[in-house]
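Engineer: Pasting start-v6.txt below, which is compact mmCIF, N, CA and C atoms.
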# COMPACT_ATOMS: atom_id res chain seq x y z
N MET A 1 217.97 174.73 104.33
CA MET A 1 217.94 173.28 104.38
C MET A 1 219.18 172.69 103.68
N PHE A 2 219.48 173.19 102.49
CA PHE A 2 220.63 172.65 101.78
C PHE A 2 221.95 173.09 102.40
N LYS A 3 221.95 174.26 103.05
CA LYS A 3 223.17 174.74 103.70
C LYS A 3 223.57 173.79 104.83
N GLY A 4 222.59 173.36 105.63
CA GLY A 4 222.87 172.40 106.70
C GLY A 4 223.36 171.07 106.16
N PHE A 5 222.75 170.61 105.08
CA PHE A 5 223.17 169.35 104.45
C PHE A 5 224.59 169.46 103.91
N ARG A 6 224.90 170.61 103.28
CA ARG A 6 226.24 170.82 102.74
C ARG A 6 227.27 170.85 103.85
N SER A 7 226.96 171.53 104.97
CA SER A 7 227.92 171.58 106.07
C SER A 7 228.09 170.20 106.71
N PHE A 8 227.03 169.40 106.72
CA PHE A 8 227.14 168.03 107.23
C PHE A 8 228.07 167.21 106.36
N LEU A 9 227.91 167.32 105.04
CA LEU A 9 228.75 166.55 104.12
C LEU A 9 230.21 166.99 104.14
N LEU A 10 230.44 168.25 104.38
CA LEU A 10 231.80 168.76 104.32
C LEU A 10 232.52 168.76 105.66
N ARG A 11 231.86 168.24 106.70
CA ARG A 11 232.56 168.11 107.98
C ARG A 11 233.71 167.13 107.80
N GLY A 12 234.74 167.30 108.57
CA GLY A 12 235.94 166.48 108.41
C GLY A 12 235.71 165.00 108.61
N ASN A 13 234.94 164.62 109.62
CA ASN A 13 234.81 163.20 109.89
C ASN A 13 234.00 162.47 108.82
N VAL A 14 233.04 163.14 108.17
CA VAL A 14 232.27 162.50 107.10
C VAL A 14 233.17 162.27 105.90
N VAL A 15 233.97 163.25 105.55
CA VAL A 15 234.89 163.10 104.42
C VAL A 15 235.93 162.03 104.73
N ASP A 16 236.47 162.03 105.94
CA ASP A 16 237.44 161.00 106.33
C ASP A 16 236.84 159.61 106.25
N LEU A 17 235.60 159.48 106.70
CA LEU A 17 234.92 158.19 106.65
C LEU A 17 234.73 157.74 105.21
N ALA A 18 234.33 158.65 104.34
CA ALA A 18 234.13 158.31 102.94
C ALA A 18 235.44 157.87 102.30
N VAL A 19 236.52 158.59 102.58
CA VAL A 19 237.83 158.22 102.03
C VAL A 19 238.25 156.85 102.57
N GLY A 20 238.00 156.61 103.86
CA GLY A 20 238.36 155.32 104.45
C GLY A 20 237.59 154.17 103.82
N ILE A 21 236.33 154.38 103.52
CA ILE A 21 235.53 153.32 102.90
C ILE A 21 236.04 153.03 101.48
N VAL A 22 236.34 154.09 100.72
CA VAL A 22 236.84 153.89 99.35
C VAL A 22 238.20 153.18 99.38
N ILE A 23 239.08 153.61 100.24
CA ILE A 23 240.39 152.95 100.36
C ILE A 23 240.23 151.51 100.82
N GLY A 24 239.31 151.30 101.78
CA GLY A 24 239.06 149.93 102.26
C GLY A 24 238.54 149.03 101.16
N ALA A 25 237.65 149.55 100.31
CA ALA A 25 237.13 148.74 99.20
C ALA A 25 238.23 148.41 98.20
N ALA A 26 239.08 149.39 97.91
CA ALA A 26 240.19 149.14 96.99
C ALA A 26 241.17 148.13 97.58
N PHE A 27 241.45 148.26 98.88
CA PHE A 27 242.37 147.33 99.53
C PHE A 27 241.77 145.93 99.57
N THR A 28 240.46 145.84 99.79
CA THR A 28 239.79 144.53 99.79
C THR A 28 239.92 143.87 98.43
N ALA A 29 239.79 144.64 97.36
CA ALA A 29 239.95 144.07 96.02
C ALA A 29 241.37 143.55 95.81
N VAL A 30 242.35 144.29 96.30
CA VAL A 30 243.75 143.84 96.15
C VAL A 30 243.99 142.56 96.94
N VAL A 31 243.51 142.52 98.18
CA VAL A 31 243.72 141.33 99.01
C VAL A 31 242.95 140.13 98.44
N THR A 32 241.72 140.35 97.98
CA THR A 32 240.95 139.26 97.38
C THR A 32 241.65 138.73 96.14
N GLY A 33 242.19 139.62 95.31
CA GLY A 33 242.93 139.18 94.13
C GLY A 33 244.16 138.37 94.50
N PHE A 34 244.88 138.81 95.53
CA PHE A 34 246.07 138.08 95.98
C PHE A 34 245.69 136.70 96.49
N VAL A 35 244.61 136.63 97.27
CA VAL A 35 244.18 135.34 97.82
C VAL A 35 243.74 134.40 96.72
N SER A 36 242.93 134.90 95.77
CA SER A 36 242.43 134.01 94.72
C SER A 36 243.52 133.64 93.72
N ALA A 37 244.50 134.52 93.49
CA ALA A 37 245.54 134.24 92.50
C ALA A 37 246.67 133.38 93.06
N PHE A 38 246.98 133.53 94.34
CA PHE A 38 248.16 132.84 94.87
C PHE A 38 247.85 131.86 96.00
N LEU A 39 247.07 132.30 96.99
CA LEU A 39 246.91 131.46 98.18
C LEU A 39 245.91 130.32 98.00
N THR A 40 244.78 130.56 97.33
CA THR A 40 243.82 129.48 97.11
C THR A 40 244.41 128.37 96.25
N PRO A 41 245.13 128.66 95.16
CA PRO A 41 245.79 127.56 94.43
C PRO A 41 246.81 126.80 95.28
N LEU A 42 247.49 127.49 96.20
CA LEU A 42 248.42 126.78 97.09
C LEU A 42 247.68 125.80 97.99
N VAL A 43 246.50 126.20 98.47
CA VAL A 43 245.68 125.28 99.26
C VAL A 43 245.28 124.09 98.41
N GLY A 44 244.94 124.35 97.15
CA GLY A 44 244.59 123.26 96.24
C GLY A 44 245.74 122.31 96.00
N VAL A 45 246.94 122.86 95.85
CA VAL A 45 248.13 122.01 95.66
C VAL A 45 248.37 121.17 96.91
N ALA A 46 248.22 121.78 98.09
CA ALA A 46 248.45 121.06 99.34
C ALA A 46 247.39 119.99 99.58
N SER A 47 246.15 120.25 99.13
CA SER A 47 245.08 119.27 99.38
C SER A 47 244.91 118.30 98.22
N GLY A 48 245.65 118.47 97.13
CA GLY A 48 245.54 117.58 95.98
C GLY A 48 244.38 117.94 95.07
N ALA A 49 243.75 119.06 95.28
CA ALA A 49 242.65 119.51 94.43
C ALA A 49 243.17 120.61 93.52
N VAL A 50 242.28 121.14 92.70
CA VAL A 50 242.66 122.19 91.78
C VAL A 50 242.80 123.53 92.49
N GLY A 51 242.11 123.71 93.61
CA GLY A 51 242.14 124.97 94.32
C GLY A 51 240.85 125.74 94.13
N ASP A 52 239.97 125.23 93.26
CA ASP A 52 238.67 125.85 93.05
C ASP A 52 237.61 124.81 93.41
N PHE A 53 236.96 125.04 94.53
CA PHE A 53 236.00 124.07 95.02
C PHE A 53 234.56 124.41 94.60
N THR A 54 234.37 125.39 93.73
CA THR A 54 233.02 125.85 93.41
C THR A 54 232.18 124.77 92.70
N GLN A 55 232.80 123.81 92.06
CA GLN A 55 232.06 122.78 91.33
C GLN A 55 231.67 121.59 92.22
N LYS A 56 232.13 121.56 93.46
CA LYS A 56 231.84 120.44 94.37
C LYS A 56 230.40 120.54 94.85
N THR A 57 229.65 119.45 94.71
CA THR A 57 228.26 119.42 95.16
C THR A 57 227.94 118.04 95.71
N PHE A 58 226.81 117.96 96.41
CA PHE A 58 226.23 116.66 96.77
C PHE A 58 224.73 116.76 96.58
N GLU A 59 224.08 115.61 96.45
CA GLU A 59 222.66 115.59 96.16
C GLU A 59 221.91 114.81 97.23
N VAL A 60 220.77 115.35 97.63
CA VAL A 60 219.90 114.67 98.58
C VAL A 60 218.48 114.78 98.03
N ALA A 61 217.86 113.64 97.80
CA ALA A 61 216.48 113.57 97.30
C ALA A 61 216.28 114.44 96.07
N GLY A 62 217.24 114.41 95.17
CA GLY A 62 217.12 115.14 93.92
C GLY A 62 217.46 116.62 94.01
N THR A 63 217.82 117.11 95.20
CA THR A 63 218.19 118.51 95.37
C THR A 63 219.71 118.62 95.45
N ARG A 64 220.23 119.53 94.65
CA ARG A 64 221.68 119.69 94.58
C ARG A 64 222.13 120.76 95.57
N PHE A 65 223.17 120.45 96.37
CA PHE A 65 223.73 121.38 97.36
C PHE A 65 225.16 121.72 96.94
N PRO A 66 225.40 122.96 96.49
CA PRO A 66 226.75 123.34 96.06
C PRO A 66 227.61 123.76 97.26
N TYR A 67 228.08 122.77 98.02
CA TYR A 67 228.89 123.07 99.21
C TYR A 67 230.25 123.64 98.85
N GLY A 68 230.70 123.43 97.64
CA GLY A 68 232.01 123.94 97.22
C GLY A 68 232.08 125.46 97.23
N VAL A 69 230.97 126.12 96.93
CA VAL A 69 230.94 127.58 96.97
C VAL A 69 231.20 128.06 98.40
N PHE A 70 230.56 127.37 99.36
CA PHE A 70 230.76 127.73 100.76
C PHE A 70 232.20 127.45 101.19
N VAL A 71 232.74 126.29 100.80
CA VAL A 71 234.12 125.95 101.15
C VAL A 71 235.09 126.98 100.57
N ASN A 72 234.85 127.38 99.33
CA ASN A 72 235.70 128.40 98.70
C ASN A 72 235.61 129.73 99.44
N ALA A 73 234.40 130.11 99.86
CA ALA A 73 234.22 131.36 100.60
C ALA A 73 234.92 131.30 101.96
N VAL A 74 234.83 130.17 102.64
CA VAL A 74 235.50 130.02 103.94
C VAL A 74 237.01 130.10 103.78
N ILE A 75 237.54 129.40 102.79
CA ILE A 75 238.98 129.45 102.54
C ILE A 75 239.41 130.87 102.21
N GLY A 76 238.65 131.54 101.36
CA GLY A 76 238.96 132.92 101.01
C GLY A 76 238.92 133.85 102.21
N PHE A 77 237.90 133.66 103.08
CA PHE A 77 237.79 134.50 104.28
C PHE A 77 238.97 134.29 105.22
N VAL A 78 239.30 133.03 105.48
CA VAL A 78 240.39 132.74 106.42
C VAL A 78 241.72 133.25 105.87
N LEU A 79 241.95 133.03 104.59
CA LEU A 79 243.20 133.50 104.01
C LEU A 79 243.25 135.03 103.94
N THR A 80 242.13 135.67 103.63
CA THR A 80 242.08 137.13 103.61
C THR A 80 242.33 137.70 104.99
N ALA A 81 241.70 137.11 106.00
CA ALA A 81 241.91 137.57 107.37
C ALA A 81 243.37 137.38 107.78
N ALA A 82 243.98 136.28 107.39
CA ALA A 82 245.39 136.04 107.73
C ALA A 82 246.29 137.06 107.05
N VAL A 83 246.03 137.32 105.77
CA VAL A 83 246.86 138.30 105.04
C VAL A 83 246.71 139.68 105.67
N ILE A 84 245.49 140.08 105.97
CA ILE A 84 245.28 141.40 106.57
C ILE A 84 245.95 141.48 107.93
N TYR A 85 245.84 140.41 108.74
CA TYR A 85 246.45 140.45 110.07
C TYR A 85 247.97 140.54 109.98
N PHE A 86 248.58 139.66 109.17
CA PHE A 86 250.04 139.60 109.13
C PHE A 86 250.67 140.71 108.28
N ALA A 87 249.92 141.24 107.31
CA ALA A 87 250.49 142.26 106.44
C ALA A 87 250.13 143.68 106.88
N VAL A 88 249.04 143.84 107.67
CA VAL A 88 248.61 145.19 108.04
C VAL A 88 248.57 145.36 109.56
N VAL A 89 247.75 144.56 110.24
CA VAL A 89 247.49 144.78 111.66
C VAL A 89 248.77 144.61 112.49
N LEU A 90 249.47 143.54 112.31
CA LEU A 90 250.68 143.28 113.10
C LEU A 90 251.76 144.35 112.87
N PRO A 91 252.12 144.69 111.60
CA PRO A 91 253.13 145.73 111.42
C PRO A 91 252.69 147.11 111.94
N VAL A 92 251.43 147.46 111.74
CA VAL A 92 250.96 148.76 112.23
C VAL A 92 250.99 148.79 113.76
N GLY A 93 250.63 147.70 114.41
CA GLY A 93 250.70 147.63 115.87
C GLY A 93 252.12 147.80 116.38
N LYS A 94 253.07 147.17 115.69
CA LYS A 94 254.47 147.31 116.09
C LYS A 94 254.97 148.74 115.88
N LEU A 95 254.55 149.37 114.78
CA LEU A 95 254.94 150.76 114.55
C LEU A 95 254.35 151.68 115.60
N GLN A 96 253.09 151.47 115.97
CA GLN A 96 252.48 152.29 117.00
C GLN A 96 253.18 152.11 118.34
N ASP A 97 253.57 150.88 118.67
CA ASP A 97 254.29 150.65 119.92
C ASP A 97 255.65 151.34 119.90
N ARG A 98 256.30 151.35 118.75
CA ARG A 98 257.63 151.94 118.64
C ARG A 98 257.58 153.47 118.79
N PHE A 99 256.59 154.09 118.17
CA PHE A 99 256.53 155.55 118.16
C PHE A 99 255.67 156.14 119.26
N GLN A 100 255.00 155.30 120.02
CA GLN A 100 254.16 155.81 121.10
C GLN A 100 255.05 156.17 122.28
N SER A 101 254.86 157.37 122.79
CA SER A 101 255.70 157.81 123.90
C SER A 101 255.33 157.04 125.16
N ALA A 102 256.30 156.91 126.03
CA ALA A 102 256.06 156.20 127.29
C ALA A 102 255.11 157.02 128.15
N ARG A 103 254.12 156.36 128.69
CA ARG A 103 253.16 157.05 129.55
C ARG A 103 253.76 157.21 130.94
N PRO A 104 253.62 158.41 131.52
CA PRO A 104 254.16 158.61 132.86
C PRO A 104 253.37 157.82 133.90
N GLU A 105 254.08 157.39 134.91
CA GLU A 105 253.43 156.67 136.00
C GLU A 105 252.50 157.61 136.74
N PRO A 106 251.31 157.17 137.09
CA PRO A 106 250.43 158.04 137.87
C PRO A 106 250.99 158.23 139.28
N ALA A 107 250.77 159.42 139.81
CA ALA A 107 251.28 159.73 141.15
C ALA A 107 250.61 158.83 142.18
N ALA A 108 251.38 158.43 143.18
CA ALA A 108 250.84 157.58 144.24
C ALA A 108 249.76 158.35 144.99
N LYS A 109 248.70 157.66 145.31
CA LYS A 109 247.57 158.29 146.00
C LYS A 109 247.39 157.68 147.38
N THR A 110 246.80 158.47 148.26
CA THR A 110 246.43 158.00 149.60
C THR A 110 245.09 158.65 149.94
N ASP A 111 244.43 158.14 150.96
CA ASP A 111 243.14 158.69 151.36
C ASP A 111 243.32 159.68 152.50
N CYS A 112 242.58 160.78 152.43
CA CYS A 112 242.58 161.78 153.50
C CYS A 112 241.89 161.16 154.72
N PRO A 113 242.50 161.26 155.91
CA PRO A 113 241.88 160.65 157.09
C PRO A 113 240.59 161.37 157.51
N GLU A 114 240.38 162.59 157.08
CA GLU A 114 239.19 163.35 157.48
C GLU A 114 238.02 163.10 156.54
N CYS A 115 238.22 163.34 155.24
CA CYS A 115 237.10 163.26 154.30
C CYS A 115 237.15 162.03 153.40
N LEU A 116 238.22 161.22 153.49
CA LEU A 116 238.42 159.99 152.72
C LEU A 116 238.52 160.21 151.22
N SER A 117 238.86 161.42 150.80
CA SER A 117 239.09 161.70 149.39
C SER A 117 240.47 161.20 149.00
N SER A 118 240.64 160.86 147.74
CA SER A 118 241.93 160.40 147.25
C SER A 118 242.79 161.61 146.94
N ILE A 119 243.97 161.69 147.59
CA ILE A 119 244.89 162.80 147.40
C ILE A 119 246.28 162.25 147.11
N PRO A 120 247.17 163.06 146.53
CA PRO A 120 248.53 162.58 146.29
C PRO A 120 249.22 162.20 147.61
N ALA A 121 250.03 161.16 147.57
CA ALA A 121 250.69 160.67 148.78
C ALA A 121 251.66 161.70 149.34
N ALA A 122 252.22 162.57 148.51
CA ALA A 122 253.18 163.56 148.99
C ALA A 122 252.51 164.81 149.57
N ALA A 123 251.19 164.89 149.52
CA ALA A 123 250.50 166.08 150.01
C ALA A 123 250.56 166.18 151.53
N THR A 124 250.67 167.42 152.02
CA THR A 124 250.64 167.64 153.46
C THR A 124 249.30 168.22 153.90
N ARG A 125 248.48 168.59 152.92
CA ARG A 125 247.16 169.13 153.21
C ARG A 125 246.20 168.59 152.15
N CYS A 126 245.00 168.22 152.58
CA CYS A 126 243.99 167.69 151.67
C CYS A 126 243.45 168.81 150.79
N SER A 127 243.36 168.55 149.49
CA SER A 127 242.87 169.57 148.56
C SER A 127 241.35 169.70 148.59
N PHE A 128 240.68 168.77 149.23
CA PHE A 128 239.22 168.82 149.29
C PHE A 128 238.72 169.48 150.57
N CYS A 129 239.24 169.01 151.72
CA CYS A 129 238.74 169.55 152.99
C CYS A 129 239.77 170.44 153.68
N THR A 130 240.94 170.59 153.14
CA THR A 130 242.06 171.42 153.61
C THR A 130 242.60 171.02 154.98
N SER A 131 242.28 169.83 155.45
CA SER A 131 242.84 169.40 156.73
C SER A 131 244.27 168.93 156.52
N GLU A 132 245.09 169.06 157.57
CA GLU A 132 246.48 168.61 157.48
C GLU A 132 246.51 167.09 157.48
N VAL A 133 247.43 166.58 156.70
CA VAL A 133 247.59 165.13 156.59
C VAL A 133 248.90 164.77 157.26
N ARG A 134 248.84 163.92 158.28
CA ARG A 134 250.06 163.50 158.99
C ARG A 134 250.74 162.42 158.17
N LYS A 135 252.01 162.55 158.07
CA LYS A 135 252.81 161.57 157.34
C LYS A 135 253.22 160.46 158.30
N PRO A 136 253.00 159.23 157.92
CA PRO A 136 253.45 158.14 158.78
C PRO A 136 254.97 158.11 158.84
N GLY A 137 255.49 157.78 159.99
CA GLY A 137 256.93 157.67 160.17
C GLY A 137 257.56 158.93 160.72
N LEU A 138 256.90 160.07 160.66
CA LEU A 138 257.44 161.29 161.23
C LEU A 138 256.85 161.48 162.62
N PRO A 139 257.65 161.84 163.60
CA PRO A 139 257.12 162.05 164.94
C PRO A 139 256.16 163.24 164.96
N ALA A 140 255.28 163.27 165.95
CA ALA A 140 254.27 164.31 166.06
C ALA A 140 254.91 165.70 166.20
N GLN A 141 256.09 165.77 166.88
CA GLN A 141 256.76 167.07 167.04
C GLN A 141 257.26 167.60 165.70
N ALA A 142 257.79 166.72 164.87
CA ALA A 142 258.25 167.13 163.55
C ALA A 142 257.07 167.59 162.70
N GLN A 143 255.95 166.92 162.86
CA GLN A 143 254.75 167.34 162.15
C GLN A 143 254.33 168.72 162.59
N ALA A 144 254.38 168.99 163.91
CA ALA A 144 253.96 170.29 164.44
C ALA A 144 254.92 171.38 163.94
N LEU A 145 256.22 171.08 163.91
CA LEU A 145 257.19 172.07 163.44
C LEU A 145 257.00 172.37 161.95
N ARG A 146 256.65 171.36 161.18
CA ARG A 146 256.45 171.54 159.73
C ARG A 146 255.25 172.43 159.46
N SER A 147 254.22 172.32 160.31
CA SER A 147 252.99 173.06 160.05
C SER A 147 253.10 174.52 160.45
N HIS A 148 254.09 174.91 161.24
CA HIS A 148 254.21 176.31 161.69
C HIS A 148 255.16 177.06 160.86
Could you rewrite the structure in this file as structure tokens?
Structural biologist:
Amino acid sequence: MFKGFRSFLLRGNVVDLAVGIVIGAAFTAVVTGFVSAFLTPLVGVASGAVGDFTQKTFEVAGTRFPYGVFVNAVIGFVLTAAVIYFAVVLPVGKLQDRFQSARPEPAAKTDCPECLSSIPAAATRCSFCTSEVRKPGLPAQAQALRSH
């Protein structure tokens, strides 16, 4: 029982996933710190506020609604998403495009007149039903000479 559990834990993808989660949590802390230390105060300067909306509330029928906490969370989310997109996703996408090899064009296909299977356009015989495929533009005599 424990041997199976140990092999499950030590499989490569489980370890990779665990490392990815730990790195992701650490990166989230760094980005959250950057947003709260630099970007949220800039929003406050631009809006004429302090940059910390957590104290903002309104009251209805004696019940207090701390909408500032929600506003702060939304600002933090949008700024975090922007930082992650422009600092990680966009550069990594450009690097992948740069180093990704060009994909070869797929060979042109045509349908076999006998079995209607898709075969390469340059084929002279169908790989499925083995019937000869006549090439358009070549006279019938040239076709007959090619087949003998």
Engineer: Step by step, gather every atom of stretch 3-8 of chain A that the file lists, find the box along x, y and z that holds them, add 8 Å on each side, and finally give centre and edge lengths in Å to one decimal, as JSON.
Structural biologist:
{"center_x": 225.0, "center_y": 171.0, "center_z": 105.0, "size_x": 22.1, "size_y": 23.5, "size_z": 20.5}
Engineer: Using only C-alpha atoms, which of A:Val74, A:Leu79, A:Cys115, A:Val19 sits nearest A:Gly33?
Structural biologist: A:Leu79
Engineer: Provide the atom C of A:Val15 to atom CA of A:Pro91 distance in Å, to one decimal place.
Structural biologist: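 These two atoms are separated by 24.6 Å.
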Engineer: From the set A:Leu39, A:Ile23, A:Leu116, A:Val45, which residue has the shortest atom-to-atom contact distance to A:Ile75, counting only N, CA and C atoms?
Structural biologist: A:Leu39
Engineer: How many Å lie between atom CA of A:Val35 and atom CA of A:Asp16, rounded to one decimal?
Structural biologist: 27.9 Å
Engineer: Which distance in Å separates atom CA of A:Ala37 and atom N of A:Tyr85, to one decimal?
Structural biologist: 17.4 Å
Engineer: Name the residues of chain A that come out as strand (DSSP E or B) in a backbone DSSP run; write them as a PDB file with N, CA and C atoms, in the coordinates of the input.
Structural biologist:
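Output below, filename selection26.pdb:
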ATOM      1  N   PHE A  58     226.810 117.960  96.410  1.00  0.00           N
ATOM      2  CA  PHE A  58     226.230 116.660  96.770  1.00  0.00           C
ATOM      3  C   PHE A  58     224.730 116.760  96.580  1.00  0.00           C
ATOM      4  N   GLU A  59     224.080 115.610  96.450  1.00  0.00           N
ATOM      5  CA  GLU A  59     222.660 115.590  96.160  1.00  0.00           C
ATOM      6  C   GLU A  59     221.910 114.810  97.230  1.00  0.00           C
ATOM      7  N   VAL A  60     220.770 115.350  97.630  1.00  0.00           N
ATOM      8  CA  VAL A  60     219.900 114.670  98.580  1.00  0.00           C
ATOM      9  C   VAL A  60     218.480 114.780  98.030  1.00  0.00           C
ATOM     10  N   THR A  63     217.820 117.110  95.200  1.00  0.00           N
ATOM     11  CA  THR A  63     218.190 118.510  95.370  1.00  0.00           C
ATOM     12  C   THR A  63     219.710 118.620  95.450  1.00  0.00           C
ATOM     13  N   ARG A  64     220.230 119.530  94.650  1.00  0.00           N
ATOM     14  CA  ARG A  64     221.680 119.690  94.580  1.00  0.00           C
ATOM     15  C   ARG A  64     222.130 120.760  95.570  1.00  0.00           C
ATOM     16  N   PHE A  65     223.170 120.450  96.370  1.00  0.00           N
ATOM     17  CA  PHE A  65     223.730 121.380  97.360  1.00  0.00           C
ATOM     18  C   PHE A  65     225.160 121.720  96.940  1.00  0.00           C
ATOM     19  N   LYS A 109     248.700 157.660 145.310  1.00  0.00           N
ATOM     20  CA  LYS A 109     247.570 158.290 146.000  1.00  0.00           C
ATOM     21  C   LYS A 109     247.390 157.680 147.380  1.00  0.00           C
ATOM     22  N   THR A 110     246.800 158.470 148.260  1.00  0.00           N
ATOM     23  CA  THR A 110     246.430 158.000 149.600  1.00  0.00           C
ATOM     24  C   THR A 110     245.090 158.650 149.940  1.00  0.00           C
ATOM     25  N   ASP A 111     244.430 158.140 150.960  1.00  0.00           N
ATOM     26  CA  ASP A 111     243.140 158.690 151.360  1.00  0.00           C
ATOM     27  C   ASP A 111     243.320 159.680 152.500  1.00  0.00           C
ATOM     28  N   SER A 118     240.640 160.860 147.740  1.00  0.00           N
ATOM     29  CA  SER A 118     241.930 160.400 147.250  1.00  0.00           C
ATOM     30  C   SER A 118     242.790 161.610 146.940  1.00  0.00           C
ATOM     31  N   ILE A 119     243.970 161.690 147.590  1.00  0.00           N
ATOM     32  CA  ILE A 119     244.890 162.800 147.400  1.00  0.00           C
ATOM     33  C   ILE A 119     246.280 162.250 147.110  1.00  0.00           C
ATOM     34  N   PRO A 120     247.170 163.060 146.530  1.00  0.00           N
ATOM     35  CA  PRO A 120     248.530 162.580 146.290  1.00  0.00           C
ATOM     36  C   PRO A 120     249.220 162.200 147.610  1.00  0.00           C
ATOM     37  N   ARG A 125     248.480 168.590 152.920  1.00  0.00           N
ATOM     38  CA  ARG A 125     247.160 169.130 153.210  1.00  0.00           C
ATOM     39  C   ARG A 125     246.200 168.590 152.150  1.00  0.00           C
ATOM     40  N   GLU A 132     245.090 169.060 157.570  1.00  0.00           N
ATOM     41  CA  GLU A 132     246.480 168.610 157.480  1.00  0.00           C
ATOM     42  C   GLU A 132     246.510 167.090 157.480  1.00  0.00           C
TER      43      GLU A 132
END
Engineer: Residues at most 10 Å from A:Ile119, counting only C-alpha atoms, excluding those fewer than 3 positions away in the same chain, as a PyMOL selection string?
Structural biologist: chain A and resi 107-112+116+122-128+133
